[in-house]
Amino acid sequence: MFSRHREPLLWLTVVLLAAAGFWWAGRSHEPPSTPGRTVISWYVTINSLREHYETQVAAFEKLHPEIKVRIIWVPGSEYNVKLKTLAAAGRLPDLFFSGDVWLSYFLPFTRDITDLVERDAAEFGLDDYFPEIRRAMQLNGRYYIATQDMNLSLLYYNRRIFQEAGLAEPSADWTWADLVRTGQALTRAPSAGRPGVWGCSRVEGWWGEWLIYVRQAGGKVFAPAGRRCLLDSPAAITGLRFYLEKSSKYHISAPAGYEPINGFVNERVAMIVGGHTVYWFNYNQVPGLDWDVQLLPSGPVTRTGGELAMAGFSISRTSPHPEEAWALAKFLTRREAVAAIVAQGSLSVRRSVAEAALRAPGPHANPQNMAAVYRQFEFGEPIPHHANYVEVMSQLIQPEVDRMLLGELTPEEAGRRATVAVNAFLATFNPTAP
Amino acid sequence: MSTGAARTRWFWLFTGPALAGFVCFSLWPMLYSLWLSFCQDEVLAPPRFIGVQNYLYLFTRDPSFWPSVKVTLVFSAVEVPLAIAAALALALLLNQPVRGRGGWRAIYFLPSILPQAAYAVIFGYIFQADGGMLNRLLALGGIQGPAWTTSPTWALPVLIAMSLWSFGYPMVIFLGGLQSVPRELHEAAHMDGAGPWARFRHITLPLISPVLFFNLVMGVIGALKVFDLAYAFSAVQAQAPGGPARATLFYGLNLYQQAFGFFHMGLASAMAWLLFAFTLAITLLNFRIGRRWVHYGD
């Protein structure tokens, strides 16, 4: 009897096992939600604010017992890839970390939150955001991000090195010429037992510094419609040349590849042009590092051109719980939450928090010149809303800039080669105009 | 039921799951990627057929395609022979009857179990231009070392040096081959007056030629699809993947960037198929040439 049915039974067993395996692999592994309680997922990068976020979420859940927040921590280096993969798979979280550098790319799966922002404008404190931030939060007049923090390019300097050299600290009316002159006075060759000091660092490997010079020289990376690269223009070449000549002509920066590791923290470089506000927290952890900031030196055409980038939270277009996600986004960007971040050593996107910080500086002494920081807002330039911005900048332009720094290309050649590559890319991939 | 029919059923019963897995998770994705290679596919929108545009863009306009081909070919041409020579030399040494031979073998195999990311960090410290161990050593002799990791001239040689430390697996395979060489042949040759080099050249090498051939084929295939080492290297050096100036932009890394960094799945699929075609051609060529020097003892 059994032997007659042995084969069909074996087949059935194999099929059932396979089906069970597929079912188990494909089923949702999320914990079951409590009846009457909505679970929302929040996708966020692992950074120094982790403790802050956990505190905020605990407070939020206490205030909204009907909402449970599931935080998904993602390493920063993998964040974009993972988020886009989730978008492709149709499994986006309700709320995710976003920023203007990615907004155009994320747009197809980012919810337009204009209706929510306008409905809750008073509670959200829309008018409390700096006007420059409010503008950067929008794309074609619509809101997509609830902004939490920002980066603003500044001139960073080490006060002790300036004092030792007997030089006046940078002033608000500095130009490139002042940067060069002072940088040369600060640059010191290594001597017995003392490492050398470079007058100015040079940011290599990304656009953080050279883009400032290109813009301040009157150049641009993209034409207004975003379909053509302009890096071969004379103005842009002037900016690239200054970036190169910091080391090749003026000798205020290390040659390409020889930038000291953590030079500013280790007091091996006296100044940074551009920098990033995310490092304030780290700088303030270093005992004895006496640093401050000033407006960026003015270029031959304008002072404007430093980066003004912001980051915050967006709601996915497919979220089944947009109201709950919006409630969390509002909570994370409310005045008290922003103030808590600023207290850790960051820059406020809200005017009220900035004014309070100016009146009563927090536990961190630096930077002292907060007036210059908030004045730099008017000279900051938002990142172009271009769907392929990061790819174009990092993959097509940066290698040519790298080769220029290494002496393989002149600034003219680098600008021309980058422009040809970008225009060919744009013609092929036909990205959406910003 | 006839024996033949029963055997057929058992055949399908045992091979069925593997075949189903192959069809679902290998064959179908491969064929789909072939279709995608003729499409513009940015993932978030449906693929759009564009004919051979992806291939044309790669061959004529993509500034990263040819540099990545060059980096990969240079790496393969230099690293594979060096790695095989190093693995064979160490296997010959570790095949000697010395005290604690097992321990020595384990020690020499250990670097191979380190993750590539760990290599990237360790070698990053050694080759750092400003204050790196190697340059500090050179400075003692009054030599200013180059910017090893950030110079396009030196970055690839540094990566080759890093990858050579993964000699453990081919070394173990060589050891297996060496142990199968009959001792009597060596003894007979020795009695006939053959020296160590002559014995190695005329006895050992022909007898381990299948193992050598296996390591060569696997080494070439591995070199053509290097990814993790280059990815970790760029990350540790805080450079854009493949930097500086595309000097370490391996084909596999470029493909990954196009696919998962920027979601150009059509372009990445075209790259994958080109890599597949090239790897197949090189492997077939290896087999053809191998007929002349590989001895299977038949």
# chains A, B, ... in the order shown; residues from 1 in each chain; ligands from 1

call {"tool": "select_by_dssp", "arguments": {"residues": "range 185-424 of chain A", "states": "helix (DSSP H, G or I)", "output": "ChimeraX atom specification"}}
result
/A:185-186,210-216,234-248,277-283,322-332,335-343,351-359,370-379,389-405,411-424

call {"tool": "interface_residues", "arguments": {"of": "chain B", "to": "chain A", "cutoff": "7 Å", "atoms": "only C-alpha atoms", "output": "list in words"}}
result
Val43, Leu44, Arg61, Pro63, Ala129, Asp130, Ala147, Thr150, Ser151, Gln239, Ala240, Pro244, Ala245, Arg246, Phe260, Gly261 and Phe262 of chain B

call {"tool": "closest_residue", "arguments": {"among": "B:Val98, B:Ala155, B:Leu88, B:Ile203", "to": "Gly243 in chain B", "atoms": "only C-alpha atoms"}}
result
B:Ala155

call {"tool": "residues_around", "arguments": {"residues": "Asn282 in chain A", "least_positions_apart": "4", "cutoff": "12 Å", "atoms": "only C-alpha atoms", "output": "ChimeraX atom specification"}}
result
/A:47-48,262,264-265,276-278,286-287,289,291,344-346,364,366

call {"tool": "write_last_selection", "arguments": {"atoms": "N, CA and C atoms", "output": "JSON list (two decimals), in the first residue's frame"}}
result
[["chain", "number", "residue", "atom", "x", "y", "z"],
["A", 47, "ASN", "N", 24.04, 58.09, 13.00],
["A", 47, "ASN", "CA", 24.97, 59.22, 13.16],
["A", 47, "ASN", "C", 25.02, 59.61, 14.63],
["A", 48, "SER", "N", 25.67, 60.74, 14.89],
["A", 48, "SER", "CA", 25.86, 61.14, 16.28],
["A", 48, "SER", "C", 24.56, 61.55, 16.96],
["A", 262, "ASN", "N", 42.93, 64.32, 9.22],
["A", 262, "ASN", "CA", 42.27, 65.14, 10.24],
["A", 262, "ASN", "C", 43.11, 66.37, 10.56],
["A", 264, "PHE", "N", 42.80, 69.59, 10.49],
["A", 264, "PHE", "CA", 42.30, 70.71, 11.31],
["A", 264, "PHE", "C", 42.26, 70.32, 12.78],
["A", 265, "VAL", "N", 41.78, 69.11, 13.03],
["A", 265, "VAL", "CA", 41.69, 68.62, 14.42],
["A", 265, "VAL", "C", 43.09, 68.45, 15.02],
["A", 276, "HIS", "N", 32.18, 71.55, 6.98],
["A", 276, "HIS", "CA", 30.84, 70.99, 7.12],
["A", 276, "HIS", "C", 30.42, 71.14, 8.58],
["A", 277, "THR", "N", 29.20, 71.62, 8.77],
["A", 277, "THR", "CA", 28.75, 71.86, 10.14],
["A", 277, "THR", "C", 28.58, 70.56, 10.93],
["A", 278, "VAL", "N", 28.51, 69.43, 10.22],
["A", 278, "VAL", "CA", 28.36, 68.16, 10.94],
["A", 278, "VAL", "C", 29.60, 67.88, 11.81],
["A", 286, "VAL", "N", 37.32, 67.80, 20.97],
["A", 286, "VAL", "CA", 38.80, 67.76, 21.01],
["A", 286, "VAL", "C", 39.30, 68.78, 22.03],
["A", 287, "PRO", "N", 39.92, 68.31, 23.12],
["A", 287, "PRO", "CA", 40.39, 69.25, 24.14],
["A", 287, "PRO", "C", 41.44, 70.20, 23.57],
["A", 289, "LEU", "N", 41.26, 72.40, 21.26],
["A", 289, "LEU", "CA", 41.11, 72.90, 19.89],
["A", 289, "LEU", "C", 40.28, 74.18, 19.94],
["A", 291, "TRP", "N", 38.78, 76.96, 17.97],
["A", 291, "TRP", "CA", 38.45, 77.27, 16.58],
["A", 291, "TRP", "C", 37.28, 78.23, 16.50],
["A", 344, "GLN", "N", 23.85, 70.39, 20.92],
["A", 344, "GLN", "CA", 24.94, 69.41, 20.76],
["A", 344, "GLN", "C", 26.06, 69.95, 19.89],
["A", 345, "GLY", "N", 25.83, 71.10, 19.29],
["A", 345, "GLY", "CA", 26.84, 71.68, 18.42],
["A", 345, "GLY", "C", 26.42, 71.53, 16.98],
["A", 346, "SER", "N", 25.41, 72.27, 16.59],
["A", 346, "SER", "CA", 24.95, 72.22, 15.21],
["A", 346, "SER", "C", 24.37, 73.58, 14.87],
["A", 364, "HIS", "N", 28.79, 74.53, 24.41],
["A", 364, "HIS", "CA", 29.97, 74.50, 23.56],
["A", 364, "HIS", "C", 30.39, 75.92, 23.22],
["A", 366, "ASN", "N", 32.47, 76.96, 20.99],
["A", 366, "ASN", "CA", 32.77, 77.25, 19.59],
["A", 366, "ASN", "C", 31.69, 76.70, 18.67]]

call {"tool": "select_by_dssp", "arguments": {"residues": "range 192-397 of chain A", "states": "strand (DSSP E or B)", "output": "VMD selection string"}}
result
chain A and resid 194 197 to 198 222 229 269 271 to 274 291 to 294 298 306 to 316 350 380 to 382

call {"tool": "closest_atom_pairs", "arguments": {"of": "range 259-278 of chain B", "to": "range 210-234 of chain B", "cutoff": "10 Å", "atoms": "only C-alpha atoms", "output": "CSV"}}
result
residue,atom,partner,partner_atom,distance
B:Leu275,CA,B:Leu224,CA,8.0
B:Phe276,CA,B:Leu224,CA,9.8
B:Phe278,CA,B:Leu224,CA,9.2

call {"tool": "residues_around", "arguments": {"residues": "Ala106 in chain B", "least_positions_apart": "6", "cutoff": "12 Å", "atoms": "only C-alpha atoms", "output": "ChimeraX atom specification"}}
result
/B:91,94,100,112-113,168-169,171-172

call {"tool": "write_last_selection", "arguments": {"atoms": "C-alpha atoms", "output": "PDB file, in the first residue's frame"}}
result
ATOM      1  CA  ALA B  91      53.349  25.806  -1.402  1.00  0.00           C
ATOM      2  CA  LEU B  94      55.381  24.483   2.971  1.00  0.00           C
ATOM      3  CA  GLY B 100      55.586  22.299  12.719  1.00  0.00           C
ATOM      4  CA  SER B 112      43.137  34.739   3.347  1.00  0.00           C
ATOM      5  CA  ILE B 113      40.330  34.605   5.864  1.00  0.00           C
ATOM      6  CA  GLY B 168      46.028  31.185   0.767  1.00  0.00           C
ATOM      7  CA  TYR B 169      43.425  29.438  -1.383  1.00  0.00           C
ATOM      8  CA  MET B 171      48.431  27.851  -2.100  1.00  0.00           C
ATOM      9  CA  VAL B 172      46.299  25.137  -0.496  1.00  0.00           C
TER      10      VAL B 172
END

call {"tool": "closest_residue", "arguments": {"among": "A:Lys249, A:Arg215, A:Arg317, A:Arg202", "to": "Gly263 in chain A", "atoms": "only C-alpha atoms"}}
result
A:Arg202

call {"tool": "residues_around", "arguments": {"residues": "Gly145 in chain B", "least_positions_apart": "4", "cutoff": "12 Å", "atoms": "only C-alpha atoms", "output": "ChimeraX atom specification"}}
result
/A:257-258 /B:126-141,149,151,154

call {"tool": "residues_around", "arguments": {"residues": "range 47-51 of chain B", "least_positions_apart": "2", "cutoff": "12 Å", "atoms": "only C-alpha atoms", "output": "list in words"}}
result
Thr428 and Phe429 of chain A; Tyr32, Ser33, Leu34, Trp35, Leu36, Ser37, Phe38, Cys39, Gln40, Asp41, Glu42, Val43, Leu44, Ala45, Gln53, Asn54, Tyr55, Leu56, Tyr57, Phe263, His264, Met265, Gly266, Leu267 and Ala270 of chain B

call {"tool": "decode", "arguments": {"residues": "range 104-221 of chain A", "atoms": "C-alpha atoms", "output": "tab-separated table (two decimals), in the first residue's frame"}}
result
chain	number	residue	atom	x	y	z
A	104	SER	CA	15.12	65.38	-7.11
A	105	TYR	CA	16.13	61.75	-7.29
A	106	PHE	CA	13.78	60.70	-4.50
A	107	LEU	CA	10.95	62.74	-5.96
A	108	PRO	CA	9.16	59.86	-7.75
A	109	PHE	CA	8.52	58.21	-4.39
A	110	THR	CA	8.35	61.26	-2.13
A	111	ARG	CA	4.99	62.59	-1.02
A	112	ASP	CA	4.15	66.19	-1.75
A	113	ILE	CA	3.49	67.50	1.78
A	114	THR	CA	2.38	70.98	0.75
A	115	ASP	CA	-1.19	70.33	1.91
A	116	LEU	CA	0.02	69.17	5.33
A	117	VAL	CA	2.52	72.01	5.70
A	118	GLU	CA	-0.05	74.65	4.79
A	119	ARG	CA	-2.75	73.08	6.95
A	120	ASP	CA	-0.47	72.95	10.01
A	121	ALA	CA	1.67	75.98	9.17
A	122	ALA	CA	1.33	77.50	12.64
A	123	GLU	CA	1.95	74.28	14.54
A	124	PHE	CA	4.77	73.31	12.17
A	125	GLY	CA	6.29	76.77	12.62
A	126	LEU	CA	6.77	77.35	8.91
A	127	ASP	CA	7.46	81.05	9.39
A	128	ASP	CA	10.09	80.24	11.98
A	129	TYR	CA	12.33	78.67	9.32
A	130	PHE	CA	14.89	81.00	7.79
A	131	PRO	CA	13.61	82.23	4.39
A	132	GLU	CA	16.61	80.63	2.66
A	133	ILE	CA	15.73	77.29	4.24
A	134	ARG	CA	12.07	77.62	3.30
A	135	ARG	CA	13.12	78.16	-0.31
A	136	ALA	CA	15.47	75.17	-0.23
A	137	MET	CA	12.65	73.00	1.19
A	138	GLN	CA	10.61	73.53	-1.96
A	139	LEU	CA	10.80	72.15	-5.44
A	140	ASN	CA	8.73	73.95	-8.05
A	141	GLY	CA	6.87	75.69	-5.23
A	142	ARG	CA	5.88	72.47	-3.46
A	143	TYR	CA	7.12	71.16	-0.09
A	144	TYR	CA	8.69	67.72	0.21
A	145	ILE	CA	10.91	67.87	3.30
A	146	ALA	CA	10.41	68.83	6.93
A	147	THR	CA	13.83	70.29	7.59
A	148	GLN	CA	15.79	69.42	10.69
A	149	ASP	CA	19.34	70.68	10.13
A	150	MET	CA	21.63	72.09	7.53
A	151	ASN	CA	25.13	72.61	6.28
A	152	LEU	CA	26.54	75.98	5.43
A	153	SER	CA	29.97	76.56	3.93
A	154	LEU	CA	32.12	78.76	6.12
A	155	LEU	CA	35.72	79.72	6.68
A	156	TYR	CA	36.99	77.71	9.64
A	157	TYR	CA	40.19	78.73	11.41
A	158	ASN	CA	42.36	77.70	14.31
A	159	ARG	CA	42.66	80.66	16.68
A	160	ARG	CA	45.76	79.36	18.46
A	161	ILE	CA	47.75	79.06	15.23
A	162	PHE	CA	46.76	82.60	14.30
A	163	GLN	CA	47.81	83.90	17.72
A	164	GLU	CA	51.14	82.08	17.57
A	165	ALA	CA	51.83	83.62	14.18
A	166	GLY	CA	50.84	87.06	15.46
A	167	LEU	CA	48.22	87.45	12.75
A	168	ALA	CA	44.82	89.05	12.96
A	169	GLU	CA	41.94	86.60	12.72
A	170	PRO	CA	39.98	86.51	9.43
A	171	SER	CA	37.53	89.33	8.99
A	172	ALA	CA	34.22	89.54	7.18
A	173	ASP	CA	35.70	91.53	4.31
A	174	TRP	CA	38.31	88.96	3.34
A	175	THR	CA	38.91	88.12	-0.30
A	176	TRP	CA	40.79	85.28	-1.98
A	177	ALA	CA	43.90	87.48	-1.88
A	178	ASP	CA	43.63	87.74	1.93
A	179	LEU	CA	43.22	84.00	2.17
A	180	VAL	CA	46.38	83.48	0.12
A	181	ARG	CA	48.43	86.12	1.94
A	182	THR	CA	47.48	84.89	5.40
A	183	GLY	CA	47.74	81.25	4.35
A	184	GLN	CA	51.31	81.84	3.23
A	185	ALA	CA	52.15	83.54	6.52
A	186	LEU	CA	50.71	80.59	8.45
A	187	THR	CA	52.34	77.84	6.40
A	188	ARG	CA	55.29	76.42	8.28
A	189	ALA	CA	57.69	73.70	7.19
A	190	PRO	CA	58.32	70.87	9.63
A	191	SER	CA	61.23	71.50	11.97
A	192	ALA	CA	62.95	69.41	14.61
A	193	GLY	CA	60.21	67.75	16.63
A	194	ARG	CA	57.47	69.94	15.20
A	195	PRO	CA	55.26	68.86	12.34
A	196	GLY	CA	54.60	71.34	9.58
A	197	VAL	CA	51.45	73.40	9.29
A	198	TRP	CA	49.59	74.23	6.09
A	199	GLY	CA	47.86	77.59	5.92
A	200	CYS	CA	44.74	76.11	4.40
A	201	SER	CA	43.37	72.63	3.91
A	202	ARG	CA	42.10	71.44	0.58
A	203	VAL	CA	39.00	69.32	0.34
A	204	GLU	CA	39.70	66.58	-2.20
A	205	GLY	CA	37.52	63.84	-3.64
A	206	TRP	CA	34.25	65.78	-3.73
A	207	TRP	CA	32.88	69.15	-4.72
A	208	GLY	CA	32.80	70.72	-1.23
A	209	GLU	CA	35.52	73.28	-1.93
A	210	TRP	CA	36.08	73.68	-5.66
A	211	LEU	CA	32.42	74.40	-6.32
A	212	ILE	CA	32.65	77.43	-4.01
A	213	TYR	CA	35.46	78.92	-6.09
A	214	VAL	CA	33.69	78.16	-9.37
A	215	ARG	CA	30.58	79.96	-8.17
A	216	GLN	CA	32.46	82.86	-6.58
A	217	ALA	CA	34.27	83.39	-9.88
A	218	GLY	CA	30.88	83.69	-11.56
A	219	GLY	CA	30.74	80.16	-12.97
A	220	LYS	CA	28.11	77.47	-12.75
A	221	VAL	CA	28.04	73.72	-13.21
